[in-house]
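Everything below belongs to work-v9.csv, which stores CSV, C-alpha atoms and all ligand atoms.
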chain,number,residue,atom,x,y,z
A,1,MET,CA,-5.7,16.4,-14.7
A,2,THR,CA,-8.5,14.1,-15.9
A,3,SER,CA,-7.7,10.5,-15.1
A,4,THR,CA,-8.1,7.7,-17.6
A,5,ARG,CA,-10.8,6.2,-15.3
A,6,GLU,CA,-12.8,9.5,-15.3
A,7,SER,CA,-12.5,10.0,-19.0
A,8,GLY,CA,-13.9,6.5,-19.7
A,9,ALA,CA,-10.8,5.6,-21.8
A,10,GLN,CA,-9.7,2.0,-22.0
A,11,PRO,CA,-7.2,1.0,-19.2
A,12,GLU,CA,-4.5,-0.3,-21.6
A,13,ARG,CA,-2.2,2.7,-21.2
A,14,PRO,CA,-2.2,2.8,-17.4
A,15,ARG,CA,-1.8,-1.0,-17.4
A,16,ARG,CA,1.2,-0.8,-19.7
A,17,ASP,CA,2.6,2.1,-17.7
A,18,LEU,CA,2.2,0.1,-14.4
A,19,ILE,CA,3.7,-3.1,-15.8
A,20,ALA,CA,6.7,-1.2,-17.2
A,21,LEU,CA,7.1,0.6,-13.9
A,22,ASN,CA,6.9,-2.6,-12.0
A,23,ALA,CA,9.6,-4.1,-14.1
A,24,HIS,CA,11.9,-1.2,-13.3
A,25,ILE,CA,11.0,-1.6,-9.6
A,26,ARG,CA,11.8,-5.3,-9.6
A,27,ALA,CA,15.2,-4.6,-11.2
A,28,CYS,CA,16.0,-1.8,-8.7
A,29,ARG,CA,19.0,-2.3,-6.5
A,30,ARG,CA,19.6,1.3,-5.3
A,31,CYS,CA,19.5,0.4,-1.6
A,32,HIS,CA,21.7,-2.6,-2.1
A,33,LEU,CA,24.3,-0.6,-4.0
A,34,ALA,CA,24.2,2.0,-1.2
A,35,GLY,CA,24.8,-0.7,1.4
A,36,TYR,CA,21.4,-0.5,3.1
A,37,LEU,CA,20.1,-3.9,2.1
A,38,ASP,CA,21.4,-7.4,1.6
A,39,GLU,CA,20.4,-8.9,-1.8
A,40,ARG,CA,20.2,-12.4,-0.4
A,41,GLU,CA,17.1,-11.4,1.8
A,42,SER,CA,15.7,-8.3,0.2
A,43,VAL,CA,14.4,-7.9,-3.4
A,44,PRO,CA,11.8,-5.5,-4.6
A,45,ILE,CA,8.2,-6.7,-4.6
A,46,ALA,CA,5.9,-5.2,-7.3
A,47,ARG,CA,2.7,-7.1,-8.4
A,48,ASP,CA,1.4,-6.6,-11.9
A,49,PRO,CA,-2.3,-5.7,-12.4
A,50,GLU,CA,-4.7,-8.6,-12.9
A,51,PRO,CA,-5.4,-9.5,-16.5
A,52,ASP,CA,-8.4,-7.7,-17.9
A,53,ALA,CA,-8.9,-5.8,-14.7
A,54,PRO,CA,-10.0,-2.1,-14.8
A,55,VAL,CA,-7.5,0.5,-13.6
A,56,PRO,CA,-7.3,0.0,-9.8
A,57,GLU,CA,-9.3,2.7,-8.0
A,58,ILE,CA,-7.6,2.2,-4.7
A,59,LEU,CA,-3.9,2.6,-4.0
A,60,LEU,CA,-2.8,1.0,-0.8
A,61,ILE,CA,0.5,2.2,0.6
A,62,GLY,CA,2.2,0.2,3.4
A,63,GLN,CA,5.6,0.5,5.0
A,64,ALA,CA,7.6,-2.2,3.2
A,65,PRO,CA,7.1,-5.9,2.3
A,66,GLY,CA,7.5,-8.5,5.1
A,67,LEU,CA,9.6,-11.7,4.8
A,68,ARG,CA,6.7,-13.8,3.7
A,69,ALA,CA,5.7,-11.4,1.0
A,70,THR,CA,9.3,-11.4,-0.2
A,71,ASN,CA,9.5,-15.2,-0.1
A,72,GLU,CA,6.2,-15.5,-2.1
A,73,ALA,CA,6.9,-12.5,-4.3
A,74,ARG,CA,3.6,-10.9,-3.6
A,75,PRO,CA,2.6,-8.1,-1.1
A,76,PHE,CA,0.4,-8.9,1.9
A,77,ALA,CA,0.8,-12.6,1.5
A,78,GLY,CA,0.2,-13.7,5.1
A,79,ALA,CA,-2.3,-13.3,7.9
A,80,ALA,CA,-2.0,-9.5,7.7
A,81,GLY,CA,-3.2,-9.7,4.1
A,82,GLU,CA,-6.2,-11.8,5.2
A,83,LYS,CA,-7.2,-9.2,7.7
A,84,LEU,CA,-6.7,-6.5,5.2
A,85,ARG,CA,-9.1,-8.3,2.8
A,86,ASP,CA,-11.6,-8.6,5.7
A,87,TRP,CA,-11.5,-4.8,6.1
A,88,LEU,CA,-11.9,-4.2,2.4
A,89,GLU,CA,-15.0,-6.5,2.4
A,90,LEU,CA,-16.5,-4.1,5.0
A,91,ALA,CA,-16.0,-1.4,2.4
A,92,GLY,CA,-17.8,-3.5,-0.2
A,93,VAL,CA,-14.8,-4.9,-2.0
A,94,PRO,CA,-15.2,-8.7,-2.2
A,95,ARG,CA,-12.1,-10.8,-1.5
A,96,GLU,CA,-12.1,-12.1,-5.0
A,97,ASP,CA,-12.0,-8.5,-6.4
A,98,PHE,CA,-9.2,-7.3,-4.0
A,99,TRP,CA,-6.4,-7.6,-6.5
A,100,ARG,CA,-8.5,-6.2,-9.3
A,101,ARG,CA,-9.5,-3.1,-7.4
A,102,VAL,CA,-6.6,-2.5,-5.1
A,103,HIS,CA,-3.0,-1.8,-6.1
A,104,CYS,CA,-0.5,-2.4,-3.3
A,105,GLY,CA,2.5,0.0,-3.1
A,106,ALA,CA,4.8,0.7,-0.2
A,107,VAL,CA,7.1,3.5,1.1
A,108,THR,CA,9.9,1.1,0.3
A,109,ARG,CA,9.6,-2.0,-1.9
A,110,CYS,CA,12.2,-4.3,-0.3
A,111,TYR,CA,12.1,-6.3,2.9
A,112,PRO,CA,14.2,-4.2,5.3
A,113,GLY,CA,15.1,-7.1,7.7
A,114,ARG,CA,14.3,-7.7,11.3
A,115,LEU,CA,14.7,-5.1,14.0
A,116,PRO,CA,17.4,-6.6,16.3
A,117,GLY,CA,15.9,-7.9,19.5
A,118,ALA,CA,12.3,-7.0,18.5
A,119,ARG,CA,9.3,-8.8,17.0
A,120,GLY,CA,8.8,-6.4,14.1
A,121,ASP,CA,10.7,-5.5,11.0
A,122,ARG,CA,13.1,-2.6,10.8
A,123,VAL,CA,11.6,0.7,9.7
A,124,PRO,CA,13.3,1.7,6.5
A,125,SER,CA,15.7,4.7,7.0
A,126,PRO,CA,14.9,8.1,5.7
A,127,ALA,CA,17.7,7.6,3.1
A,128,GLU,CA,16.0,4.4,1.8
A,129,GLN,CA,12.6,6.1,1.8
A,130,LEU,CA,14.1,8.9,-0.3
A,131,LEU,CA,15.7,6.4,-2.8
A,132,CYS,CA,12.4,4.6,-3.2
A,133,ARG,CA,10.1,7.6,-3.4
A,134,PRO,CA,10.3,7.9,-7.2
A,135,TRP,CA,8.7,4.5,-7.6
A,136,LEU,CA,5.7,5.5,-5.4
A,137,ASP,CA,5.4,8.8,-7.3
A,138,GLY,CA,5.4,6.7,-10.5
A,139,VAL,CA,2.5,4.6,-9.3
A,140,PHE,CA,0.4,7.7,-8.6
A,141,SER,CA,1.1,8.9,-12.1
A,142,ALA,CA,0.3,5.6,-13.7
A,143,ILE,CA,-3.0,4.8,-12.0
A,144,GLY,CA,-4.3,8.1,-10.8
A,145,PRO,CA,-5.9,6.7,-7.7
A,146,ARG,CA,-9.2,8.1,-6.3
A,147,VAL,CA,-8.6,6.7,-2.8
A,148,VAL,CA,-5.3,6.1,-1.0
A,149,LEU,CA,-5.2,3.8,2.0
A,150,LEU,CA,-2.2,4.6,4.2
A,151,VAL,CA,-1.4,1.5,6.2
A,152,GLY,CA,0.7,2.0,9.3
A,153,LEU,CA,2.4,5.1,10.8
A,154,LEU,CA,5.3,5.4,8.3
A,155,ALA,CA,2.9,5.6,5.3
A,156,ILE,CA,0.6,7.9,7.2
A,157,ARG,CA,3.4,10.3,8.2
A,158,THR,CA,4.8,10.2,4.7
A,159,TYR,CA,1.6,11.7,3.2
A,160,LEU,CA,-0.1,13.4,6.2
A,161,GLY,CA,2.9,14.8,8.1
A,162,PRO,CA,4.0,14.2,11.7
A,163,VAL,CA,0.9,12.8,13.2
A,164,ARG,CA,1.2,11.8,16.9
A,165,SER,CA,-0.3,8.3,16.9
A,166,LEU,CA,-2.7,5.9,15.2
A,167,THR,CA,-5.4,7.0,17.7
A,168,ALA,CA,-5.0,10.6,16.6
A,169,VAL,CA,-5.5,9.9,12.9
A,170,VAL,CA,-7.4,6.6,12.2
A,171,GLY,CA,-11.0,7.4,11.6
A,172,THR,CA,-10.2,10.8,10.0
A,173,THR,CA,-9.6,11.5,6.3
A,174,VAL,CA,-7.8,14.0,4.2
A,175,GLU,CA,-8.9,15.1,0.7
A,176,ARG,CA,-6.1,16.5,-1.4
A,177,ASP,CA,-6.1,17.1,-5.2
A,178,GLY,CA,-9.2,15.0,-5.6
A,179,ILE,CA,-7.7,12.0,-3.7
A,180,LEU,CA,-9.1,10.8,-0.5
A,181,TYR,CA,-6.4,9.6,2.0
A,182,ILE,CA,-7.6,7.1,4.6
A,183,PRO,CA,-5.2,6.3,7.4
A,184,LEU,CA,-5.3,2.7,8.8
A,185,PRO,CA,-3.2,0.7,11.3
A,186,HIS,CA,-1.1,-2.2,10.0
A,187,PRO,CA,-3.3,-5.3,10.0
A,188,SER,CA,-0.5,-7.5,11.4
A,189,GLY,CA,-0.9,-9.2,14.7
A,190,VAL,CA,2.2,-7.3,15.8
A,191,SER,CA,0.1,-4.2,16.0
A,192,ARG,CA,-1.2,-4.1,19.6
A,193,TRP,CA,-3.3,-1.1,18.7
A,194,LEU,CA,-5.8,-3.5,17.3
A,195,ASN,CA,-6.2,-5.3,20.6
A,196,ASP,CA,-8.6,-2.6,21.8
A,197,PRO,CA,-12.1,-3.2,20.5
A,198,ILE,CA,-12.7,0.6,20.3
A,199,ASN,CA,-9.9,0.8,17.8
A,200,VAL,CA,-11.4,-2.1,15.8
A,201,GLY,CA,-14.6,-0.1,15.7
A,202,THR,CA,-12.7,2.9,14.4
A,203,VAL,CA,-11.3,0.8,11.6
A,204,GLY,CA,-14.8,-0.3,10.8
A,205,ARG,CA,-15.9,3.4,10.5
A,206,ALA,CA,-12.9,4.1,8.2
A,207,MET,CA,-14.1,1.3,6.0
A,208,ALA,CA,-17.6,2.7,6.0
A,209,THR,CA,-16.1,6.0,4.7
A,210,LEU,CA,-14.3,4.1,2.0
A,211,ARG,CA,-17.6,2.3,1.1
A,212,GLY,CA,-19.3,5.7,0.8
A,213,ARG,CA,-16.6,7.1,-1.5
A,214,LEU,CA,-16.6,4.0,-3.8
A,215,GLN,CA,-20.4,4.2,-4.0
A,216,SER,CA,-20.4,7.9,-4.8
A,217,SER,CA,-18.8,7.5,-8.3
B,301,LIG,S1,13.8,-0.2,-1.3
B,301,LIG,FE1,13.1,0.8,-3.2
B,301,LIG,S2,14.9,2.1,-3.9
B,301,LIG,FE2,15.6,0.6,-2.3
B,301,LIG,S3,16.4,-1.1,-3.6
B,301,LIG,FE3,14.2,-1.6,-3.0
B,301,LIG,S4,13.0,-0.9,-4.7
B,301,LIG,FE4,15.0,0.1,-4.9

Let's see the structure in the file written out as structure tokens.
Amino acid sequence: MTSTRESGAQPERPRRDLIALNAHIRACRRCHLAGYLDERESVPIARDPEPDAPVPEILLIGQAPGLRATNEARPFAGAAGEKLRDWLELAGVPREDFWRRVHCGAVTRCYPGRLPGARGDRVPSPAEQLLCRPWLDGVFSAIGPRVVLLVGLLAIRTYLGPVRSLTAVVGTTVERDGILYIPLPHPSGVSRWLNDPINVGTVGRAMATLRGRLQSS
């Protein structure tokens, strides 16, 4: 299928599709009705495209919004978002262009709550992932991404299958149906994987791959 971006058509239709999809996502309460989420702390996060921006060429898929993203109603609102924008700068995407060129999706769109007794958030259950998958499929249809950044093991496994570890997969890429999938760790300080300078270098190489892809069009 030829994407709107490739055909040179104006981005109004994908924009409209994405905005309409986002409205449906923000109204979604499937997991609340099924008893998986508490509406007082978890609401869907879906950010509309920037005014007058081209169709985003990069789709970023994370695990699920964190508490801060939920409180501020925007994805990657905290320090993890800052690090993410640092990484994208290495790939030639200036910070000020981040929201114009990157669309942020997630395996599930609602804050799943804390994992009892741990620092991190709960990983959404397979049932929640299944309930939310149509929204993610809808984003693919709406924007037709050229590059998909898979951030964190849940997003990586959702698209690339049962990979063993971040070390096994970050720094590699998969090309499928004209889309380049680039696995990345979660940029949060909770990820100890990033404490190893070798791994930071691997992320740098992944961003160099992204830069090459963006420059090739
Ligand atoms: S996680 Fe997804 S499917 Fe579940 S309520 Fe939120 S938006 Fe709906």

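Proximity of A:Lys83, A:Arg13, A:Arg74, A:His32 to A:Pro185, computed with all atoms listed in the file, is greatest for A:Lys83.
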
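Shortest separation to ligand LIG 301 (chain B) among A:His186, A:Arg16, A:Arg26, A:Arg122 occurs at residue A:Arg26, atoms counted being all atoms listed in the file.
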
- Task: For atom CA of A:Tyr181 and atom CA of A:Ala127, determine how far apart the two atoms are, in Å to one decimal place.
- Result: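 Computing it gives 24.2 Å between the two atoms.
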
- Message: So, with all atoms listed in the file as the atoms that count, which of A:Pro124, A:Val55, A:Gly66, A:Glu89 lies closest to ligand LIG 301 (chain B)?
- Response: A:Pro124

Which neighbours of A:Arg176 fall inside 12 Å, counting only C-alpha atoms, when residues of the same chain fewer than 2 positions from it are skipped, and could you give them as a PDB file with C-alpha atoms, in the frame of the given file?
ATOM      1  CA  PRO A 145      -5.900   6.700  -7.700  1.00  0.00           C
ATOM      2  CA  ARG A 146      -9.200   8.100  -6.300  1.00  0.00           C
ATOM      3  CA  VAL A 147      -8.600   6.700  -2.800  1.00  0.00           C
ATOM      4  CA  VAL A 148      -5.300   6.100  -1.000  1.00  0.00           C
ATOM      5  CA  TYR A 159       1.600  11.700   3.200  1.00  0.00           C
ATOM      6  CA  LEU A 160      -0.100  13.400   6.200  1.00  0.00           C
ATOM      7  CA  THR A 173      -9.600  11.500   6.300  1.00  0.00           C
ATOM      8  CA  VAL A 174      -7.800  14.000   4.200  1.00  0.00           C
ATOM      9  CA  GLY A 178      -9.200  15.000  -5.600  1.00  0.00           C
ATOM     10  CA  ILE A 179      -7.700  12.000  -3.700  1.00  0.00           C
ATOM     11  CA  LEU A 180      -9.100  10.800  -0.500  1.00  0.00           C
ATOM     12  CA  TYR A 181      -6.400   9.600   2.000  1.00  0.00           C
ATOM     13  CA  ILE A 182      -7.600   7.100   4.600  1.00  0.00           C
TER      14      ILE A 182
END

- Item | Contact residues around stretch 90-97 of chain A with only C-alpha atoms at 10 Å, ignoring same-chain residues under 6 positions, as a list in words |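 Non-adjacent residues within range: Glu50, Ala53, Glu82, Leu84, Val203, Gly204, Arg205, Ala206, Met207, Ala208, Thr209, Leu210, Arg211, Gly212, Arg213, Leu214 and Gln215 of chain A.
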
Would you give me, as CSV, each residue of chain A having an atom within 7 Å of an atom of ligand LIG 301 (chain B), along with its shortest atom pair and that distance in Å to one decimal, using only C-alpha atoms and all ligand atoms and sorting by chain and residue number?
residue,atom,partner,partner_atom,distance
A:Ile25,CA,B:LIG301,S4,5.3
A:Arg26,CA,B:LIG301,S4,6.7
A:Cys28,CA,B:LIG301,FE4,4.4
A:Arg29,CA,B:LIG301,S3,4.1
A:Arg30,CA,B:LIG301,S3,4.3
A:Cys31,CA,B:LIG301,FE2,4.0
A:His32,CA,B:LIG301,S3,5.7
A:Val43,CA,B:LIG301,FE3,6.3
A:Pro44,CA,B:LIG301,S4,4.8
A:Thr108,CA,B:LIG301,S1,4.4
A:Arg109,CA,B:LIG301,S4,4.5
A:Cys110,CA,B:LIG301,FE3,4.3
A:Glu128,CA,B:LIG301,FE2,5.6
A:Leu131,CA,B:LIG301,S2,4.5
A:Cys132,CA,B:LIG301,S2,3.6

- Message: as a PyMOL selection string, please: the residues near A:Leu21 (cut-off 8 Å, only C-alpha atoms, same-chain neighbours under 2 positions excluded).
- Response: chain A and resi 17-19+23-25+135+138-139

- Task: Determine the nearest neighbour of A:Leu153 from the options A:Ile61, A:Ala20, A:Cys104, A:Leu88, counting all atoms listed in the file.
- Result: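 Of A:Ile61, A:Ala20, A:Cys104, A:Leu88, the one nearest A:Leu153, counting all atoms listed in the file, is A:Ile61.
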
Which neighbours of A:Arg119 fall inside 12 Å, counting all atoms listed in the file, when residues of the same chain fewer than 6 positions from it are skipped, and could you give them as an mmCIF file with C-alpha atoms, keeping the file's coordinate frame?
data_model
loop_
_atom_site.group_PDB
_atom_site.id
_atom_site.type_symbol
_atom_site.label_atom_id
_atom_site.label_comp_id
_atom_site.auth_asym_id
_atom_site.auth_seq_id
_atom_site.Cartn_x
_atom_site.Cartn_y
_atom_site.Cartn_z
ATOM 1 C CA GLY A 113 15.100 -7.100 7.700
ATOM 2 C CA SER A 188 -0.500 -7.500 11.400
ATOM 3 C CA GLY A 189 -0.900 -9.200 14.700
ATOM 4 C CA VAL A 190 2.200 -7.300 15.800
ATOM 5 C CA SER A 191 0.100 -4.200 16.000
ATOM 6 C CA ARG A 192 -1.200 -4.100 19.600
#

- Item | A:Leu67 surroundings by only C-alpha atoms, 10 Å radius, close-in-sequence under 3 positions cut, as a list in words | Glu41, Ser42, Ala64, Thr70, Asn71, Glu72, Ala73, Pro75, Ala77, Gly78, Cys110, Tyr111, Pro112, Gly113, Arg114 and Asp121 of chain A

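Distance annotation: of A:Asp52, A:Leu130, A:Val123, A:Gln63, the residue with the minimal separation from A:Arg101 is A:Asp52; atom set is all atoms listed in the file.
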
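Closest approach to A:Ala79 from the set A:Pro162, A:Gly201, A:Pro187, A:Pro126 is made by A:Pro187, with distances taken over only C-alpha atoms.
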
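The spacing separating atom CA of A:His103 from atom CA of A:Ile198 amounts to 28.2 Å.
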
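Atom CA of A:Arg47 to atom CA of A:Ser216 spans 27.8 Å [interatomic distance, one decimal].
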